[in-house]
Amino acid sequence: MGVWGLLCLALCLHLQGKFASAGNQSLSNGSGLELNYYRESCPQAEEIIEQQVRLLYKRHKNTAFSWLRNIFHDCFVESCDASLLLDSTRKSVSEKETDRSFGLRNFRYLDTIKEAVERECPGVVSCADILVLSARDGIVSLGGPFIPLKTGRRDGRKSRAAILETYLPDHNDSISTVLSRFKAIGIDTAGVVALLGSHSVGRTHCVKLVHRLYPEVDPTLDPGHVEHMKKKCPDPIPNPKAVQYVRNDRGTPMKLDNNYYRNLMDNKGLLIVDQQLYADPRTRPYVKKMAKNQDYFFNKFAKAITILSQNNPLTGTRGEIRRQCFRANKLHVSQR
């Protein structure tokens, strides 16, 4: 082989190594997922899920809030694999039953969506994809943007209740901790501010709020908003099972919009993490920009949801396709 032949061979080997490295690097970032993954195996899957989400929203408005919370609580914890949906067993505690999942609800309606899909295509569509697509369609129901999300996830077989605290940021965490945990899965500062815009819809239980009201009022809160919060949360130690809530956004409580950011600028954020967004110099500029420009908010929100939905999915032969979302299959071919 001549000199030119050797040079060509060396170049080819070098490029091959770079491509292989790039491929391996993408494995934890959504590799194996694609748009319309079920176009041949279950062509009606996404349409069925969308129809079910719309139907459930008409009957139970709070389902859309649930779908949005589900994608955060499931995909943030190590893998987007529907581990959140698993019931407790004799050997493991369900993520749904931990303190960090307080307020999560409507899991039975995800089972309803799964049953509708199973009638069309038994054993084909994963619960992980149903969880992600229901969030996508729930966002639209709330007036948010349609976000094209890839599919092809498979379902995990184990609860991750034991490691929730390691991954999930808490509403009482410092903004540095929150930013660090989001950064670990590839979401930048603008993405964090946008994702917390999810707090523009739904409601927050008094259990999460009273430490800002009793025994002393948090001085950063707007006095007029304090009066409203105390009316909704009159007890310093509220009963977790009582129906005692405050709407996250009194202006447009059922709409995903940028009014949340204007509330923060008026010192009306309910949770400590909300108010920190406007107080911290790293996040304050994004709060201001999103308060002025809803398109900018939606753009950053869509990007962050996309990254979140692609966090370390199970694909290929890893995991399984659950027959029922609340429990792993009794018999399985592959296991993570």
# chains A, B, ... in the order shown; residues from 1 in each chain; ligands from 1
$ residues_around --residues "segment 261-267 of chain A" --least-positions-apart "3" --cutoff "6 Å" --atoms "only C-alpha atoms" --output "list in words"
Leu221, Asp222, Asn258, Gln275, Val287 and Ala291 of chain A
$ write_last_selection --atoms "C-alpha atoms" --output "CSV table (one decimal), in the first residue's frame"
chain,number,residue,atom,x,y,z
A,221,LEU,CA,-44.7,38.7,49.7
A,222,ASP,CA,-47.1,41.3,48.5
A,258,ASN,CA,-46.6,34.4,30.9
A,275,GLN,CA,-40.0,34.2,44.2
A,287,VAL,CA,-38.3,36.5,34.2
A,291,ALA,CA,-43.1,38.6,31.3
$ closest_residue --among "A:Ile163, A:Cys80, A:Val193, A:Leu68" --to "Gly138 of chain A" --atoms "only C-alpha atoms"
A:Leu68
$ residues_around --residues "Phe65 of chain A" --least-positions-apart "3" --cutoff "9 Å" --atoms "only C-alpha atoms" --output "ChimeraX atom specification"
/A:61-62,68-70,135,138-139,142,198,201-202,254
$ atom_distance --atom1 "atom CA of Leu270 of chain A" --atom2 "atom CA of Lys231 of chain A"
13.9 Å
$ select_by_dssp --residues "segment 224-320 of chain A" --states "strand (DSSP E or B)" --output "ChimeraX atom specification"
/A:245-247,314,320
$ closest_residue --among "A:Val53, A:Ala328, A:Leu35, A:Leu256" --to "Asn106 of chain A" --atoms "only C-alpha atoms"
A:Val53
$ closest_residue --among "A:Ile130, A:Tyr214, A:Gln276, A:Arg39" --to "Glu118 of chain A" --atoms "only C-alpha atoms"
A:Ile130
$ select_by_dssp --residues "segment 49-181 of chain A" --states "helix (DSSP H, G or I)" --output "PyMOL selection string"
chain A and resi 49-59+63-75+83-85+95-97+99-101+107-120+127-141+161-167+175-181
$ residues_around --residues "Glu34 of chain A" --least-positions-apart "4" --cutoff "9 Å" --atoms "only C-alpha atoms" --output "VMD selection string"
chain A and resid 30 149 to 152
$ residues_around --residues "Leu110 of chain A" --least-positions-apart "2" --cutoff "9 Å" --atoms "only C-alpha atoms" --output "PyMOL selection string"
chain A and resi 67+85+106-108+112-115+127+130-131+134+325
$ write_last_selection --atoms "N, CA and C atoms" --output "compact mmCIF listing (two decimals), in the first residue's frame"
# COMPACT_ATOMS: atom_id res chain seq x y z
N TRP A 67 -50.96 15.77 33.83
CA TRP A 67 -50.08 15.30 32.76
C TRP A 67 -48.78 16.11 32.73
N LEU A 85 -45.42 5.59 37.52
CA LEU A 85 -46.77 5.02 37.47
C LEU A 85 -46.91 3.69 38.20
N ASN A 106 -54.81 11.63 39.47
CA ASN A 106 -55.38 11.26 38.16
C ASN A 106 -54.63 10.13 37.44
N PHE A 107 -53.92 9.34 38.19
CA PHE A 107 -53.21 8.21 37.55
C PHE A 107 -54.19 7.24 36.90
N ARG A 108 -55.38 7.13 37.46
CA ARG A 108 -56.36 6.19 36.91
C ARG A 108 -56.75 6.59 35.48
N THR A 112 -56.84 4.78 31.74
CA THR A 112 -57.92 4.87 30.75
C THR A 112 -57.34 5.07 29.35
N ILE A 113 -56.35 5.95 29.24
CA ILE A 113 -55.70 6.19 27.95
C ILE A 113 -54.99 4.93 27.47
N LYS A 114 -54.30 4.27 28.37
CA LYS A 114 -53.59 3.03 28.02
C LYS A 114 -54.57 1.99 27.51
N GLU A 115 -55.70 1.84 28.16
CA GLU A 115 -56.70 0.85 27.74
C GLU A 115 -57.21 1.15 26.34
N CYS A 127 -46.10 2.76 28.23
CA CYS A 127 -46.67 3.72 29.17
C CYS A 127 -45.81 4.97 29.24
N ILE A 130 -46.93 7.13 26.47
CA ILE A 130 -48.25 7.67 26.79
C ILE A 130 -48.12 8.81 27.79
N LEU A 131 -47.25 8.65 28.78
CA LEU A 131 -47.03 9.70 29.77
C LEU A 131 -46.51 10.97 29.10
N SER A 134 -49.23 12.47 26.59
CA SER A 134 -50.36 13.08 27.32
C SER A 134 -49.94 14.45 27.86
N CYS A 325 -50.17 0.04 33.11
CA CYS A 325 -49.16 1.03 33.51
C CYS A 325 -48.79 0.99 34.98
$ closest_residue --among "A:Pro281, A:Pro234, A:Gly269, A:Pro223" --to "Arg203 of chain A" --atoms "only C-alpha atoms"
A:Gly269
$ closest_atom_pairs --of "segment 183-251 of chain A" --to "segment 295-318 of chain A" --cutoff "10 Å" --atoms "only C-alpha atoms" --output "tab-separated table"
residue	atom	partner	partner_atom	distance
A:Ile185	CA	A:Asn311	CA	6.7
A:Gly186	CA	A:Ile307	CA	6.9
A:Ile187	CA	A:Ala304	CA	6.1
A:Asp188	CA	A:Ala304	CA	8.2
A:Thr189	CA	A:Lys300	CA	10.0
A:Ala190	CA	A:Lys300	CA	6.6
A:Gly191	CA	A:Ala304	CA	5.1
A:Val192	CA	A:Ala304	CA	7.5
A:Val193	CA	A:Phe301	CA	8.4
A:Ala194	CA	A:Phe301	CA	4.8
A:Leu195	CA	A:Phe301	CA	5.6
A:Leu196	CA	A:Phe301	CA	8.9
A:Gly197	CA	A:Phe301	CA	7.9
A:Ser198	CA	A:Phe301	CA	8.9
$ atom_distance --atom1 "atom CA of Ser159 of chain A" --atom2 "atom CA of Ser101 of chain A"
12.8 Å
$ decode --residues "segment 144-185 of chain A" --atoms "N, CA and C atoms" --output "PDB file, in the first residue's frame"
ATOM      1  N   GLY A 144     -51.086  26.203  25.755  1.00  0.00           N
ATOM      2  CA  GLY A 144     -49.666  26.272  25.456  1.00  0.00           C
ATOM      3  C   GLY A 144     -49.350  25.815  24.048  1.00  0.00           C
ATOM      4  N   PRO A 145     -48.076  25.785  23.689  1.00  0.00           N
ATOM      5  CA  PRO A 145     -47.681  25.428  22.331  1.00  0.00           C
ATOM      6  C   PRO A 145     -47.732  23.922  22.084  1.00  0.00           C
ATOM      7  N   PHE A 146     -47.951  23.545  20.821  1.00  0.00           N
ATOM      8  CA  PHE A 146     -47.804  22.135  20.457  1.00  0.00           C
ATOM      9  C   PHE A 146     -46.316  21.866  20.299  1.00  0.00           C
ATOM     10  N   ILE A 147     -45.811  20.843  20.988  1.00  0.00           N
ATOM     11  CA  ILE A 147     -44.383  20.528  20.974  1.00  0.00           C
ATOM     12  C   ILE A 147     -44.188  19.152  20.344  1.00  0.00           C
ATOM     13  N   PRO A 148     -43.587  19.057  19.164  1.00  0.00           N
ATOM     14  CA  PRO A 148     -43.335  17.737  18.563  1.00  0.00           C
ATOM     15  C   PRO A 148     -42.354  16.952  19.435  1.00  0.00           C
ATOM     16  N   LEU A 149     -42.809  15.847  19.989  1.00  0.00           N
ATOM     17  CA  LEU A 149     -41.963  15.040  20.865  1.00  0.00           C
ATOM     18  C   LEU A 149     -41.748  13.658  20.266  1.00  0.00           C
ATOM     19  N   LYS A 150     -40.532  13.183  20.386  1.00  0.00           N
ATOM     20  CA  LYS A 150     -40.180  11.872  19.849  1.00  0.00           C
ATOM     21  C   LYS A 150     -40.736  10.761  20.739  1.00  0.00           C
ATOM     22  N   THR A 151     -40.891   9.594  20.146  1.00  0.00           N
ATOM     23  CA  THR A 151     -41.382   8.425  20.869  1.00  0.00           C
ATOM     24  C   THR A 151     -40.473   7.228  20.591  1.00  0.00           C
ATOM     25  N   GLY A 152     -40.800   6.109  21.232  1.00  0.00           N
ATOM     26  CA  GLY A 152     -39.974   4.915  21.108  1.00  0.00           C
ATOM     27  C   GLY A 152     -39.402   4.472  22.442  1.00  0.00           C
ATOM     28  N   ARG A 153     -39.890   5.096  23.531  1.00  0.00           N
ATOM     29  CA  ARG A 153     -39.441   4.702  24.875  1.00  0.00           C
ATOM     30  C   ARG A 153     -40.017   3.345  25.253  1.00  0.00           C
ATOM     31  N   ARG A 154     -39.316   2.669  26.135  1.00  0.00           N
ATOM     32  CA  ARG A 154     -39.841   1.453  26.736  1.00  0.00           C
ATOM     33  C   ARG A 154     -39.973   1.685  28.235  1.00  0.00           C
ATOM     34  N   ASP A 155     -40.712   0.811  28.893  1.00  0.00           N
ATOM     35  CA  ASP A 155     -41.050   1.001  30.304  1.00  0.00           C
ATOM     36  C   ASP A 155     -40.053   0.324  31.229  1.00  0.00           C
ATOM     37  N   GLY A 156     -39.739   1.008  32.325  1.00  0.00           N
ATOM     38  CA  GLY A 156     -38.908   0.410  33.356  1.00  0.00           C
ATOM     39  C   GLY A 156     -39.717  -0.552  34.212  1.00  0.00           C
ATOM     40  N   ARG A 157     -38.999  -1.331  35.010  1.00  0.00           N
ATOM     41  CA  ARG A 157     -39.662  -2.343  35.836  1.00  0.00           C
ATOM     42  C   ARG A 157     -39.539  -2.064  37.331  1.00  0.00           C
ATOM     43  N   LYS A 158     -38.899  -0.949  37.678  1.00  0.00           N
ATOM     44  CA  LYS A 158     -38.668  -0.722  39.112  1.00  0.00           C
ATOM     45  C   LYS A 158     -38.984   0.713  39.500  1.00  0.00           C
ATOM     46  N   SER A 159     -39.455   0.855  40.732  1.00  0.00           N
ATOM     47  CA  SER A 159     -39.689   2.168  41.310  1.00  0.00           C
ATOM     48  C   SER A 159     -38.354   2.818  41.653  1.00  0.00           C
ATOM     49  N   ARG A 160     -38.314   4.139  41.558  1.00  0.00           N
ATOM     50  CA  ARG A 160     -37.108   4.865  41.933  1.00  0.00           C
ATOM     51  C   ARG A 160     -37.353   5.731  43.173  1.00  0.00           C
ATOM     52  N   ALA A 161     -38.265   5.276  44.006  1.00  0.00           N
ATOM     53  CA  ALA A 161     -38.628   6.047  45.195  1.00  0.00           C
ATOM     54  C   ALA A 161     -37.422   6.329  46.085  1.00  0.00           C
ATOM     55  N   ALA A 162     -36.499   5.388  46.158  1.00  0.00           N
ATOM     56  CA  ALA A 162     -35.354   5.521  47.056  1.00  0.00           C
ATOM     57  C   ALA A 162     -34.381   6.614  46.641  1.00  0.00           C
ATOM     58  N   ILE A 163     -34.447   7.048  45.382  1.00  0.00           N
ATOM     59  CA  ILE A 163     -33.465   8.036  44.912  1.00  0.00           C
ATOM     60  C   ILE A 163     -34.088   9.357  44.482  1.00  0.00           C
ATOM     61  N   LEU A 164     -35.380   9.535  44.771  1.00  0.00           N
ATOM     62  CA  LEU A 164     -36.050  10.773  44.362  1.00  0.00           C
ATOM     63  C   LEU A 164     -35.327  12.015  44.869  1.00  0.00           C
ATOM     64  N   GLU A 165     -34.925  11.995  46.125  1.00  0.00           N
ATOM     65  CA  GLU A 165     -34.303  13.170  46.731  1.00  0.00           C
ATOM     66  C   GLU A 165     -32.996  13.545  46.045  1.00  0.00           C
ATOM     67  N   THR A 166     -32.332  12.557  45.454  1.00  0.00           N
ATOM     68  CA  THR A 166     -31.062  12.810  44.779  1.00  0.00           C
ATOM     69  C   THR A 166     -31.260  13.607  43.504  1.00  0.00           C
ATOM     70  N   TYR A 167     -32.419  13.452  42.879  1.00  0.00           N
ATOM     71  CA  TYR A 167     -32.651  14.052  41.572  1.00  0.00           C
ATOM     72  C   TYR A 167     -33.608  15.245  41.598  1.00  0.00           C
ATOM     73  N   LEU A 168     -34.767  15.074  42.199  1.00  0.00           N
ATOM     74  CA  LEU A 168     -35.806  16.102  42.103  1.00  0.00           C
ATOM     75  C   LEU A 168     -35.461  17.350  42.902  1.00  0.00           C
ATOM     76  N   PRO A 169     -35.465  18.516  42.271  1.00  0.00           N
ATOM     77  CA  PRO A 169     -35.331  19.746  43.044  1.00  0.00           C
ATOM     78  C   PRO A 169     -36.596  19.990  43.861  1.00  0.00           C
ATOM     79  N   ASP A 170     -36.436  20.645  44.990  1.00  0.00           N
ATOM     80  CA  ASP A 170     -37.559  20.895  45.890  1.00  0.00           C
ATOM     81  C   ASP A 170     -37.921  22.380  45.866  1.00  0.00           C
ATOM     82  N   HIS A 171     -39.167  22.686  46.193  1.00  0.00           N
ATOM     83  CA  HIS A 171     -39.609  24.082  46.156  1.00  0.00           C
ATOM     84  C   HIS A 171     -38.937  24.941  47.215  1.00  0.00           C
ATOM     85  N   ASN A 172     -38.281  24.310  48.202  1.00  0.00           N
ATOM     86  CA  ASN A 172     -37.558  25.058  49.231  1.00  0.00           C
ATOM     87  C   ASN A 172     -36.053  25.117  48.970  1.00  0.00           C
ATOM     88  N   ASP A 173     -35.591  24.485  47.905  1.00  0.00           N
ATOM     89  CA  ASP A 173     -34.163  24.484  47.585  1.00  0.00           C
ATOM     90  C   ASP A 173     -33.700  25.876  47.174  1.00  0.00           C
ATOM     91  N   SER A 174     -32.401  26.112  47.340  1.00  0.00           N
ATOM     92  CA  SER A 174     -31.825  27.365  46.852  1.00  0.00           C
ATOM     93  C   SER A 174     -31.866  27.358  45.328  1.00  0.00           C
ATOM     94  N   ILE A 175     -31.847  28.534  44.735  1.00  0.00           N
ATOM     95  CA  ILE A 175     -31.882  28.617  43.279  1.00  0.00           C
ATOM     96  C   ILE A 175     -30.622  27.994  42.686  1.00  0.00           C
ATOM     97  N   SER A 176     -29.520  28.023  43.406  1.00  0.00           N
ATOM     98  CA  SER A 176     -28.283  27.384  42.925  1.00  0.00           C
ATOM     99  C   SER A 176     -28.471  25.881  42.797  1.00  0.00           C
ATOM    100  N   THR A 177     -29.119  25.269  43.794  1.00  0.00           N
ATOM    101  CA  THR A 177     -29.380  23.831  43.738  1.00  0.00           C
ATOM    102  C   THR A 177     -30.315  23.489  42.583  1.00  0.00           C
ATOM    103  N   VAL A 178     -31.357  24.299  42.415  1.00  0.00           N
ATOM    104  CA  VAL A 178     -32.317  24.070  41.338  1.00  0.00           C
ATOM    105  C   VAL A 178     -31.631  24.153  39.978  1.00  0.00           C
ATOM    106  N   LEU A 179     -30.846  25.187  39.769  1.00  0.00           N
ATOM    107  CA  LEU A 179     -30.150  25.358  38.492  1.00  0.00           C
ATOM    108  C   LEU A 179     -29.175  24.211  38.243  1.00  0.00           C
ATOM    109  N   SER A 180     -28.499  23.774  39.292  1.00  0.00           N
ATOM    110  CA  SER A 180     -27.523  22.688  39.160  1.00  0.00           C
ATOM    111  C   SER A 180     -28.191  21.377  38.761  1.00  0.00           C
ATOM    112  N   ARG A 181     -29.329  21.088  39.354  1.00  0.00           N
ATOM    113  CA  ARG A 181     -30.001  19.820  39.048  1.00  0.00           C
ATOM    114  C   ARG A 181     -30.579  19.805  37.632  1.00  0.00           C
ATOM    115  N   PHE A 182     -31.083  20.929  37.196  1.00  0.00           N
ATOM    116  CA  PHE A 182     -31.568  21.001  35.819  1.00  0.00           C
ATOM    117  C   PHE A 182     -30.406  20.927  34.828  1.00  0.00           C
ATOM    118  N   LYS A 183     -29.308  21.574  35.167  1.00  0.00           N
ATOM    119  CA  LYS A 183     -28.142  21.562  34.285  1.00  0.00           C
ATOM    120  C   LYS A 183     -27.632  20.141  34.082  1.00  0.00           C
ATOM    121  N   ALA A 184     -27.771  19.305  35.112  1.00  0.00           N
ATOM    122  CA  ALA A 184     -27.289  17.922  35.043  1.00  0.00           C
ATOM    123  C   ALA A 184     -27.984  17.120  33.952  1.00  0.00           C
ATOM    124  N   ILE A 185     -29.197  17.532  33.547  1.00  0.00           N
ATOM    125  CA  ILE A 185     -29.877  16.818  32.457  1.00  0.00           C
ATOM    126  C   ILE A 185     -29.924  17.655  31.180  1.00  0.00           C
TER     127      ILE A 185
END
